[in-house]
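Chemist: As input, take data.cif (mmCIF, C-alpha atoms):
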data_final
loop_
_atom_site.label_atom_id
_atom_site.label_comp_id
_atom_site.auth_asym_id
_atom_site.auth_seq_id
_atom_site.Cartn_x
_atom_site.Cartn_y
_atom_site.Cartn_z
CA MET U 20 41.96 53.64 58.20
CA LYS U 21 41.75 52.02 61.63
CA PHE U 22 42.37 54.09 64.75
CA HIS U 23 42.66 52.05 67.92
CA PRO U 24 43.43 53.05 71.53
CA ASN U 25 46.15 50.39 71.66
CA GLY U 26 47.55 51.18 68.24
CA VAL U 27 50.84 52.67 67.13
CA ASP U 28 51.73 56.34 66.90
CA ILE U 29 52.86 57.52 63.46
CA VAL U 30 55.18 60.50 63.03
CA LEU U 31 54.96 62.19 59.62
CA GLY U 32 58.06 64.31 59.20
CA ALA U 33 58.77 67.64 57.53
CA GLY U 34 59.55 67.73 53.83
CA GLY U 35 57.44 70.18 51.81
CA ALA U 36 57.06 68.93 48.24
CA LYS U 37 58.13 65.45 49.34
CA GLY U 38 54.73 65.05 51.01
CA PRO U 39 53.38 62.44 48.55
CA GLY U 40 55.82 59.98 50.12
CA HIS U 41 53.75 60.03 53.32
CA THR U 42 50.68 58.86 51.42
CA GLY U 43 52.60 55.79 50.28
CA VAL U 44 53.53 55.01 53.88
CA LEU U 45 49.92 55.36 55.04
CA LYS U 46 48.79 53.11 52.20
CA ALA U 47 51.19 50.40 53.40
CA VAL U 48 50.06 50.85 57.01
CA GLU U 49 46.46 50.25 55.97
CA GLU U 50 47.22 47.28 53.74
CA LEU U 51 49.19 45.60 56.54
CA GLY U 52 46.36 46.15 59.00
CA ILE U 53 48.44 48.16 61.46
CA PRO U 54 46.18 49.95 63.97
CA VAL U 55 46.99 53.63 64.50
CA LYS U 56 46.57 55.40 67.82
CA ARG U 57 47.37 58.90 66.56
CA VAL U 58 49.27 60.73 63.83
CA ILE U 59 51.85 63.36 64.79
CA GLY U 60 52.69 65.78 62.01
CA VAL U 61 55.40 68.35 61.32
CA SER U 62 55.20 70.85 58.44
CA VAL U 63 53.81 69.03 55.38
CA GLY U 64 53.48 66.03 57.68
CA SER U 65 50.99 68.01 59.76
CA LEU U 66 48.84 68.61 56.67
CA VAL U 67 48.85 64.92 55.75
CA ALA U 68 48.20 63.99 59.38
CA ALA U 69 45.23 66.37 59.66
CA LEU U 70 43.65 64.98 56.50
CA TYR U 71 44.22 61.39 57.61
CA ALA U 72 42.91 62.00 61.14
CA ASN U 73 39.77 63.44 59.55
CA GLY U 74 38.99 60.28 57.61
CA MET U 75 40.56 60.88 54.21
CA THR U 76 42.18 57.93 52.45
CA PRO U 77 45.82 57.99 51.29
CA GLU U 78 44.67 58.39 47.68
CA GLN U 79 42.36 61.28 48.56
CA ILE U 80 45.25 62.95 50.39
CA PHE U 81 47.51 62.43 47.38
CA GLN U 82 44.96 64.09 45.10
CA GLU U 83 44.67 67.04 47.51
CA ILE U 84 48.45 67.48 47.40
CA ILE U 85 48.42 67.40 43.59
CA ALA U 86 45.66 70.00 43.50
CA GLY U 87 47.79 72.23 45.72
CA LEU U 88 50.80 71.86 43.44
CA LYS U 89 48.71 72.78 40.39
CA ASN U 90 47.23 75.84 42.09
CA ARG U 91 50.47 77.30 43.42
CA LYS U 92 50.81 79.83 40.59
CA ASP U 93 47.19 80.99 40.75
CA PRO U 94 47.26 84.84 41.04
CA ASN U 95 44.23 84.71 43.34
CA LEU U 96 46.14 82.47 45.73
CA LEU U 97 49.05 84.91 45.80
CA PHE U 98 46.68 87.79 46.50
CA LYS U 99 45.23 85.94 49.50
CA THR U 100 48.69 85.49 51.04
CA LEU U 101 49.59 89.20 50.99
CA THR U 102 48.07 90.33 54.28
CA PRO U 103 49.16 93.10 56.70
CA ALA U 104 51.90 92.12 59.13
CA ASP U 105 53.92 93.42 62.03
CA PRO U 106 57.65 94.18 61.51
CA ILE U 107 58.85 91.12 63.44
CA SER U 108 56.75 88.70 61.40
CA LEU U 109 57.91 90.30 58.16
CA ALA U 110 61.55 90.09 59.24
CA VAL U 111 61.23 86.41 60.18
CA GLY U 112 59.08 85.12 57.34
CA GLY U 113 58.58 87.74 54.68
CA PRO U 114 55.34 88.84 52.99
CA ILE U 115 53.77 85.42 52.28
CA ASP U 116 51.11 84.42 54.83
CA ILE U 117 49.31 81.11 54.20
CA LEU U 118 46.71 81.48 56.97
CA VAL U 119 43.86 82.57 54.65
CA PRO U 120 44.24 79.68 52.15
CA MET U 121 44.76 77.30 55.08
CA LYS U 122 41.46 78.44 56.63
CA GLU U 123 39.74 77.93 53.27
CA MET U 124 41.11 74.39 52.98
CA VAL U 125 40.07 73.49 56.54
CA ALA U 126 36.55 74.82 55.89
CA ARG U 127 36.24 73.21 52.45
CA LEU U 128 37.24 69.78 53.74
CA ASN U 129 35.48 70.24 57.10
CA LEU U 130 38.65 69.38 59.01
CA LYS U 131 38.47 69.30 62.79
CA PRO U 132 41.07 68.93 65.55
CA ASN U 133 40.62 65.61 67.34
CA ASP U 134 42.29 63.16 69.71
CA ASN U 135 43.88 61.22 66.84
CA LEU U 136 46.01 64.20 65.79
CA LYS U 137 48.99 66.17 67.09
CA VAL U 138 50.42 69.16 65.22
CA VAL U 139 53.98 70.21 66.06
CA SER U 140 55.36 73.71 65.60
CA CYS U 141 58.35 75.54 67.13
CA ASP U 142 58.49 78.67 69.25
CA LEU U 143 61.26 80.61 67.54
CA LEU U 144 61.77 82.90 70.54
CA ARG U 145 62.65 80.01 72.87
CA HIS U 146 63.49 77.28 70.35
CA GLU U 147 61.13 74.80 71.99
CA PRO U 148 58.28 72.75 70.56
CA VAL U 149 54.64 73.78 70.79
CA VAL U 150 52.19 70.91 70.28
CA PHE U 151 48.53 71.33 69.40
CA GLU U 152 46.39 68.40 70.47
CA GLY U 153 42.85 67.55 71.56
CA GLY U 154 39.80 69.25 70.10
CA GLU U 155 39.85 72.83 71.35
CA TYR U 156 42.29 74.73 69.13
CA ASP U 157 42.21 76.55 65.80
CA LEU U 158 43.36 73.87 63.37
CA ALA U 159 44.05 76.28 60.50
CA ARG U 160 46.34 78.42 62.68
CA ALA U 161 48.12 75.33 64.02
CA LEU U 162 48.76 73.99 60.50
CA THR U 163 49.91 77.40 59.31
CA ALA U 164 52.37 77.61 62.21
CA SER U 165 53.66 74.08 61.62
CA CYS U 166 54.39 74.93 57.96
CA ALA U 167 55.80 78.45 58.47
CA LEU U 168 59.41 77.94 57.41
CA PRO U 169 61.47 81.03 58.38
CA THR U 170 62.50 83.33 55.50
CA VAL U 171 59.89 81.60 53.30
CA LEU U 172 56.51 81.82 55.06
CA ARG U 173 55.26 84.20 57.73
CA PRO U 174 55.17 82.90 61.33
CA VAL U 175 52.13 82.85 63.61
CA TRP U 176 51.83 84.73 66.89
CA HIS U 177 50.32 82.54 69.61
CA GLN U 178 49.35 83.50 73.15
CA ASP U 179 50.12 80.67 75.58
CA GLY U 180 48.64 81.92 78.84
CA MET U 181 50.69 85.02 79.63
CA THR U 182 53.48 83.95 77.28
CA PRO U 183 53.62 85.25 73.68
CA ARG U 184 55.09 82.74 71.26
CA LEU U 185 56.27 83.20 67.68
CA LEU U 186 55.50 79.91 65.98
CA VAL U 187 57.37 78.60 62.95
CA ASP U 188 57.83 75.32 61.11
CA GLY U 189 58.16 72.40 63.52
CA ALA U 190 61.22 71.24 61.57
CA VAL U 191 63.17 74.09 63.18
CA TYR U 192 62.84 72.06 66.40
CA HIS U 193 63.16 68.62 64.74
CA TYR U 194 62.18 67.18 61.38
CA ASN U 195 60.80 64.02 63.01
CA PRO U 196 60.07 64.69 66.69
CA THR U 197 59.31 61.49 68.59
CA ASP U 198 59.15 63.25 71.98
CA PHE U 199 55.36 63.14 71.87
CA CYS U 200 54.90 59.45 71.10
CA GLU U 201 53.93 56.63 73.42
CA GLY U 202 56.17 53.58 73.03
CA THR U 203 57.51 52.46 69.68
CA ALA U 204 56.34 54.66 66.82
CA ILE U 205 56.43 54.42 63.04
CA VAL U 206 58.43 57.39 61.76
CA SER U 207 58.08 58.46 58.12
CA SER U 208 61.26 60.49 57.61
CA PHE U 209 62.41 62.15 54.39
CA ARG U 210 66.01 61.76 53.31
CA PRO U 211 67.96 64.95 52.59
CA VAL U 212 68.25 65.77 48.89
CA THR U 213 71.62 64.73 47.45
CA GLU U 214 71.29 65.20 43.68
CA PRO U 215 70.53 68.12 41.33
CA PRO U 216 66.82 68.57 40.57
CA GLY U 217 65.28 66.14 38.15
CA GLU U 218 62.50 68.66 37.55
CA PHE U 219 61.86 72.31 38.35
CA GLU U 220 59.70 75.12 36.95
CA THR U 221 61.14 78.37 38.26
CA VAL U 222 64.45 79.82 39.37
CA PHE U 223 63.07 79.80 42.91
CA ASP U 224 62.59 76.03 42.72
CA LEU U 225 66.22 75.68 41.65
CA TYR U 226 67.46 78.06 44.36
CA PHE U 227 65.65 76.27 47.17
CA HIS U 228 66.76 72.89 45.84
CA MET U 229 70.42 73.88 45.97
CA ARG U 230 69.87 75.58 49.32
CA GLU U 231 68.59 72.32 50.82
CA MET U 232 71.61 70.46 49.49
CA TYR U 233 74.15 72.80 51.07
CA LEU U 234 72.49 75.00 53.72
CA PRO U 235 69.06 73.76 54.91
CA ILE U 236 66.89 76.56 56.28
CA ALA U 237 65.52 74.42 59.12
CA GLY U 238 68.86 72.91 60.09
CA HIS U 239 69.88 69.26 60.28
CA ARG U 240 67.98 67.72 63.22
CA ARG U 241 66.60 64.54 61.62
CA TYR U 242 67.99 61.61 63.60
CA VAL U 243 65.59 59.12 65.20
CA ASP U 244 66.79 56.15 67.28
CA PRO U 245 66.10 53.07 65.10
CA ASN U 246 66.33 50.81 68.13
CA LYS U 247 63.39 52.55 69.78
CA HIS U 248 61.27 53.37 66.74
CA VAL U 249 60.56 51.90 63.30
CA VAL U 250 62.21 54.46 61.04
CA LEU U 251 61.16 54.58 57.38
CA GLU U 252 63.64 56.67 55.40
CA ILE U 253 61.89 57.69 52.21
CA GLY U 254 62.20 60.30 49.48
CA LEU U 255 63.86 60.63 46.09
CA PRO U 256 67.40 62.06 46.00
CA ASP U 257 66.51 64.66 43.35
CA VAL U 258 63.41 66.22 44.97
CA ALA U 259 63.93 68.98 47.53
CA GLY U 260 61.33 70.08 50.03
CA LEU U 261 60.87 73.55 48.52
CA ASN U 262 61.07 72.52 44.88
CA PHE U 263 57.34 72.49 44.13
CA GLY U 264 57.92 72.45 40.38
CA ILE U 265 57.37 68.70 40.12
CA SER U 266 55.09 66.69 37.87
CA VAL U 267 52.29 64.33 38.85
CA GLU U 268 54.51 61.50 37.64
CA LYS U 269 57.30 62.55 40.01
CA ALA U 270 54.79 62.81 42.86
CA ARG U 271 53.59 59.28 42.09
CA ALA U 272 57.18 58.08 42.11
CA MET U 273 57.61 59.54 45.60
CA GLU U 274 54.40 57.87 46.75
CA GLU U 275 55.57 54.53 45.34
CA ASP U 276 58.96 54.91 47.03
CA GLY U 277 57.23 55.51 50.36
CA TYR U 278 54.95 52.52 49.81
CA ARG U 279 57.71 50.07 48.83
CA THR U 280 59.97 51.15 51.67
CA ALA U 281 57.17 50.97 54.23
CA MET U 282 55.91 47.56 53.08
CA LYS U 283 59.38 46.04 53.42
CA LEU U 284 60.35 47.56 56.77
CA LEU U 285 56.92 47.31 58.38
CA LYS U 286 56.60 43.64 57.48
CA GLU U 287 59.96 43.07 59.17
CA ALA U 288 58.83 45.00 62.24
CA ILE U 289 55.62 42.98 62.46
CA ASP U 290 57.54 39.70 62.17
CA GLN U 291 59.87 40.87 64.95
CA GLY U 292 56.93 41.75 67.18
CA ARG U 293 57.89 45.43 67.32
CA ILE U 294 54.50 46.67 66.14
CA PRO U 295 51.10 44.96 66.24
CA THR U 296 48.47 44.35 63.62
CA LEU U 297 44.76 44.71 64.23
CA ASN U 298 44.51 40.90 64.22
CA ASP U 299 47.06 40.77 67.05
CA LEU U 300 44.99 43.16 69.14
CA ASN U 301 41.78 41.27 68.39
CA GLU U 302 43.38 37.98 69.41
CA LYS U 303 44.58 39.48 72.69
CA GLY U 304 41.07 40.75 73.33
CA SER U 305 39.65 37.31 72.65
CA ASP U 306 42.15 35.72 75.03
CA LYS U 307 41.12 38.11 77.80
CA ASP U 308 37.44 37.42 77.21
CA ALA U 309 38.10 33.67 77.39
#
Hey, can you dump this file as structure tokens for me?
Modeler:
Amino acid sequence: MKFHPNGVDIVLGAGGAKGPGHTGVLKAVEELGIPVKRVIGVSVGSLVAALYANGMTPEQIFQEIIAGLKNRKDPNLLFKTLTPADPISLAVGGPIDILVPMKEMVARLNLKPNDNLKVVSCDLLRHEPVVFEGGEYDLARALTASCALPTVLRPVWHQDGMTPRLLVDGAVYHYNPTDFCEGTAIVSSFRPVTEPPGEFETVFDLYFHMREMYLPIAGHRRYVDPNKHVVLEIGLPDVAGLNFGISVEKARAMEEDGYRTAMKLLKEAIDQGRIPTLNDLNEKGSDKDA
């Protein structure tokens, strides 16, 4: 991983169980020597971004995702999510609150907010983005807010000065928000699901899969201008964002899809001069010194 002040911003979009695809994209970015200025994450993209900005490799992030998938039916995990709530939060998101397990993950991995990371959530009351950046915010709360899909996970109350905000999944604002990038960015964007599930474990997995096909909870705002940014459309057509009943093999297939797609399109972007490599930046530095 190479962060550089003159590098490229990377936007990691929303997608839930499709998250392993982002690790394939990051693997390609590293292999091609593309310097990264910061990672901007939405929903599962915010989790991957936080891990990456804290020094984890794409493979380490993949293994963390797999561990989360395996633990999802742990009764202790369910118990931790059933916390007291106000009526508004319950009406918006239901009984499941992921703040406690999120805090445990942040502590276990010693994750810190930093200047290489931006976490995007959405204020449901005003339908406008709320971005956490820098090093002075509660990372666990920011990640919880960014992942809090309405009707599925409980939102987070956030006091912004004198303004109370009800924060939900950043995808409610936009799946791949590029508003917070500088210049041309690499955007890792998941395709909508278009086929019946190849795998699922529970009736809830099946329900949410079909729901994404016909009536997405977070809406349809996915478009990114391909003339301004390098857009990598990844994801398997039979894996929905809330179908967490997938195998390790399916997760690897998503990672490989992200890697292959990114290698092809990023090589083209480098050849076209749209994004730099670390060698390009080093050569420019050498020219200035000369």
Chemist: In terms of the shortest atom-to-atom distance over all atoms listed in the file, which of U:Leu261, U:Met232, U:Leu144, U:Val138 is closest to Thr182 in chain U?
Modeler: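 For Thr182 in chain U, the nearest of the candidates is U:Leu144.
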Chemist: Would you mind telling me which residue in U:Pro39, U:Ile117, U:Asn135, U:Gly60 lies nearest to Asn73 in chain U when using all atoms listed in the file?
Modeler: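 Ranked by minimum distance to Asn73 in chain U, first place goes to U:Asn135.
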Chemist: When you look at Arg57 in chain U with a cut-off of 7 Å (counting only C-alpha atoms), what residues show up, excluding the ones that are within fewer than 4 positions of it in the same chain? I need them as a list in words.
Modeler: Asp28, Ile29, Asn135 and Leu136 of chain U
Chemist: List every protein, DNA or RNA residue with an atom no more than 8 Å from (55.4, 56.6, 64.2) in the file's coordinates, counting all atoms listed in the file, and format the result as a short mmCIF file (atom, residue, chain, number, x, y, z; two decimals) with C-alpha atoms, in the coordinates of the input.
Modeler:
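That gives us part-v8.cif:
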data_model
loop_
_atom_site.label_atom_id
_atom_site.label_comp_id
_atom_site.auth_asym_id
_atom_site.auth_seq_id
_atom_site.Cartn_x
_atom_site.Cartn_y
_atom_site.Cartn_z
CA VAL U 27 50.84 52.67 67.13
CA ASP U 28 51.73 56.34 66.90
CA ILE U 29 52.86 57.52 63.46
CA VAL U 30 55.18 60.50 63.03
CA LEU U 31 54.96 62.19 59.62
CA VAL U 58 49.27 60.73 63.83
CA ILE U 59 51.85 63.36 64.79
CA THR U 197 59.31 61.49 68.59
CA CYS U 200 54.90 59.45 71.10
CA THR U 203 57.51 52.46 69.68
CA ALA U 204 56.34 54.66 66.82
CA ILE U 205 56.43 54.42 63.04
CA VAL U 206 58.43 57.39 61.76
CA SER U 207 58.08 58.46 58.12
CA HIS U 248 61.27 53.37 66.74
CA VAL U 249 60.56 51.90 63.30
CA VAL U 250 62.21 54.46 61.04
#
Chemist: Find the spatial neighbours of Leu96 in chain U, counting all atoms listed in the file, within a cut-off of 12 Å - ignore same-chain residues fewer than 5 positions away - and output them as a PyMOL selection string.
Modeler: chain U and resi 87-91+101-102+115-121+123-124
Chemist: Using all atoms listed in the file, pick whichever of U:Gly34, U:Gly180, U:Gly238, U:Gly277 has the shortest atom-to-atom distance to Val212 in chain U.
Modeler: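 Residue with the minimum atom-to-atom distance to Val212 in chain U: U:Gly34.
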Chemist: For range 213-225 of chain U, list every protein, DNA or RNA residue within 10 Å, evaluated using only C-alpha atoms, and leave out those in the same chain fewer than 6 positions away; present the list as a PyMOL selection string.
Modeler: chain U and resi 231-233+255-266+269
Chemist: Please enumerate the residues selected by the PyMOL selection byres ((chain U and resi 48-54) around 10) when evaluated against the supplied file, formatted as a compact mmCIF listing (two decimals) with C-alpha atoms, in the coordinates of the input.
Modeler:
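Done, and the output landed in part19.txt:
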# COMPACT_ATOMS: atom_id res chain seq x y z
CA MET U 20 41.96 53.64 58.20
CA LYS U 21 41.75 52.02 61.63
CA PHE U 22 42.37 54.09 64.75
CA HIS U 23 42.66 52.05 67.92
CA PRO U 24 43.43 53.05 71.53
CA ASN U 25 46.15 50.39 71.66
CA GLY U 26 47.55 51.18 68.24
CA VAL U 27 50.84 52.67 67.13
CA ASP U 28 51.73 56.34 66.90
CA ILE U 29 52.86 57.52 63.46
CA THR U 42 50.68 58.86 51.42
CA GLY U 43 52.60 55.79 50.28
CA VAL U 44 53.53 55.01 53.88
CA LEU U 45 49.92 55.36 55.04
CA LYS U 46 48.79 53.11 52.20
CA ALA U 47 51.19 50.40 53.40
CA VAL U 55 46.99 53.63 64.50
CA LYS U 56 46.57 55.40 67.82
CA ARG U 57 47.37 58.90 66.56
CA THR U 76 42.18 57.93 52.45
CA PRO U 77 45.82 57.99 51.29
CA ILE U 205 56.43 54.42 63.04
CA TYR U 278 54.95 52.52 49.81
CA ALA U 281 57.17 50.97 54.23
CA MET U 282 55.91 47.56 53.08
CA LEU U 285 56.92 47.31 58.38
CA LYS U 286 56.60 43.64 57.48
CA ILE U 289 55.62 42.98 62.46
CA ILE U 294 54.50 46.67 66.14
CA PRO U 295 51.10 44.96 66.24
CA THR U 296 48.47 44.35 63.62
CA LEU U 297 44.76 44.71 64.23
CA ASN U 298 44.51 40.90 64.22
CA ASP U 299 47.06 40.77 67.05
CA LEU U 300 44.99 43.16 69.14
Chemist: Provide the CA of Val267 in chain U to CA of Val171 in chain U distance in Å, to one decimal place.
Modeler: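 Rounded to one decimal, the two atoms are 23.8 Å apart.
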Chemist: With only C-alpha atoms as the basis for distance, which of U:Ser140, U:Thr100, U:Asn246, U:Asn95 is at the shortest distance from Leu172 in chain U?
Modeler: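 Counting only C-alpha atoms, the residue closest to Leu172 in chain U is U:Thr100.
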Chemist: Smallest atom-to-atom distance to Leu158 in chain U: which of U:Val125, U:Glu275, U:Pro183, U:Ile107, using only C-alpha atoms?
Modeler: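 Going through U:Val125, U:Glu275, U:Pro183, U:Ile107 one by one, the smallest distance to Leu158 in chain U is for U:Val125.
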Chemist: Between CA of Phe98 in chain U and CA of Leu130 in chain U, what distance in Å does the model show, to one decimal?
Modeler: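 Separating CA of Phe98 in chain U from CA of Leu130 in chain U is a distance of 23.7 Å.
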Chemist: Complete the atom set of range 198-213 of chain U to N, CA, C and O atoms and return it as a PDB file, in the coordinates of the input.
Modeler:
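Contents of out.pdb, as written:
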ATOM      1  N   ASP U 198      59.332  62.928  70.565  1.00  0.00           N
ATOM      2  CA  ASP U 198      59.150  63.250  71.980  1.00  0.00           C
ATOM      3  C   ASP U 198      57.718  63.038  72.442  1.00  0.00           C
ATOM      4  O   ASP U 198      57.457  62.826  73.626  1.00  0.00           O
ATOM      5  N   PHE U 199      56.776  63.107  71.508  1.00  0.00           N
ATOM      6  CA  PHE U 199      55.360  63.140  71.870  1.00  0.00           C
ATOM      7  C   PHE U 199      54.648  61.833  71.534  1.00  0.00           C
ATOM      8  O   PHE U 199      53.430  61.790  71.416  1.00  0.00           O
ATOM      9  N   CYS U 200      55.446  60.767  71.394  1.00  0.00           N
ATOM     10  CA  CYS U 200      54.900  59.450  71.100  1.00  0.00           C
ATOM     11  C   CYS U 200      54.839  58.603  72.374  1.00  0.00           C
ATOM     12  O   CYS U 200      55.562  58.846  73.335  1.00  0.00           O
ATOM     13  N   GLU U 201      53.998  57.605  72.339  1.00  0.00           N
ATOM     14  CA  GLU U 201      53.930  56.630  73.420  1.00  0.00           C
ATOM     15  C   GLU U 201      54.475  55.302  72.895  1.00  0.00           C
ATOM     16  O   GLU U 201      53.912  54.707  71.996  1.00  0.00           O
ATOM     17  N   GLY U 202      55.586  54.851  73.460  1.00  0.00           N
ATOM     18  CA  GLY U 202      56.170  53.580  73.030  1.00  0.00           C
ATOM     19  C   GLY U 202      56.804  53.679  71.662  1.00  0.00           C
ATOM     20  O   GLY U 202      57.182  54.748  71.181  1.00  0.00           O
ATOM     21  N   THR U 203      56.914  52.533  71.015  1.00  0.00           N
ATOM     22  CA  THR U 203      57.510  52.460  69.680  1.00  0.00           C
ATOM     23  C   THR U 203      56.584  53.089  68.656  1.00  0.00           C
ATOM     24  O   THR U 203      55.400  52.763  68.589  1.00  0.00           O
ATOM     25  N   ALA U 204      57.127  53.980  67.851  1.00  0.00           N
ATOM     26  CA  ALA U 204      56.340  54.660  66.820  1.00  0.00           C
ATOM     27  C   ALA U 204      56.870  54.312  65.434  1.00  0.00           C
ATOM     28  O   ALA U 204      58.022  53.892  65.271  1.00  0.00           O
ATOM     29  N   ILE U 205      56.014  54.486  64.450  1.00  0.00           N
ATOM     30  CA  ILE U 205      56.430  54.420  63.040  1.00  0.00           C
ATOM     31  C   ILE U 205      56.760  55.847  62.617  1.00  0.00           C
ATOM     32  O   ILE U 205      55.934  56.749  62.750  1.00  0.00           O
ATOM     33  N   VAL U 206      57.977  56.047  62.125  1.00  0.00           N
ATOM     34  CA  VAL U 206      58.430  57.390  61.760  1.00  0.00           C
ATOM     35  C   VAL U 206      58.691  57.448  60.261  1.00  0.00           C
ATOM     36  O   VAL U 206      59.587  56.760  59.757  1.00  0.00           O
ATOM     37  N   SER U 207      57.903  58.248  59.555  1.00  0.00           N
ATOM     38  CA  SER U 207      58.080  58.460  58.120  1.00  0.00           C
ATOM     39  C   SER U 207      58.969  59.678  57.939  1.00  0.00           C
ATOM     40  O   SER U 207      58.529  60.823  58.086  1.00  0.00           O
ATOM     41  N   SER U 208      60.238  59.443  57.622  1.00  0.00           N
ATOM     42  CA  SER U 208      61.260  60.490  57.610  1.00  0.00           C
ATOM     43  C   SER U 208      61.830  60.652  56.201  1.00  0.00           C
ATOM     44  O   SER U 208      62.241  59.671  55.570  1.00  0.00           O
ATOM     45  N   PHE U 209      61.877  61.889  55.723  1.00  0.00           N
ATOM     46  CA  PHE U 209      62.410  62.150  54.390  1.00  0.00           C
ATOM     47  C   PHE U 209      63.923  62.285  54.411  1.00  0.00           C
ATOM     48  O   PHE U 209      64.480  62.995  55.247  1.00  0.00           O
ATOM     49  N   ARG U 210      64.559  61.620  53.463  1.00  0.00           N
ATOM     50  CA  ARG U 210      66.010  61.760  53.310  1.00  0.00           C
ATOM     51  C   ARG U 210      66.348  63.165  52.816  1.00  0.00           C
ATOM     52  O   ARG U 210      65.574  63.770  52.070  1.00  0.00           O
ATOM     53  N   PRO U 211      67.511  63.677  53.173  1.00  0.00           N
ATOM     54  CA  PRO U 211      67.960  64.950  52.590  1.00  0.00           C
ATOM     55  C   PRO U 211      68.194  64.776  51.090  1.00  0.00           C
ATOM     56  O   PRO U 211      68.564  63.691  50.624  1.00  0.00           O
ATOM     57  N   VAL U 212      67.995  65.825  50.324  1.00  0.00           N
ATOM     58  CA  VAL U 212      68.250  65.770  48.890  1.00  0.00           C
ATOM     59  C   VAL U 212      69.764  65.715  48.657  1.00  0.00           C
ATOM     60  O   VAL U 212      70.541  66.378  49.349  1.00  0.00           O
ATOM     61  N   THR U 213      70.189  64.902  47.703  1.00  0.00           N
ATOM     62  CA  THR U 213      71.620  64.730  47.450  1.00  0.00           C
ATOM     63  C   THR U 213      72.005  64.911  45.987  1.00  0.00           C
ATOM     64  O   THR U 213      73.187  64.900  45.654  1.00  0.00           O
TER      65      THR U 213
END
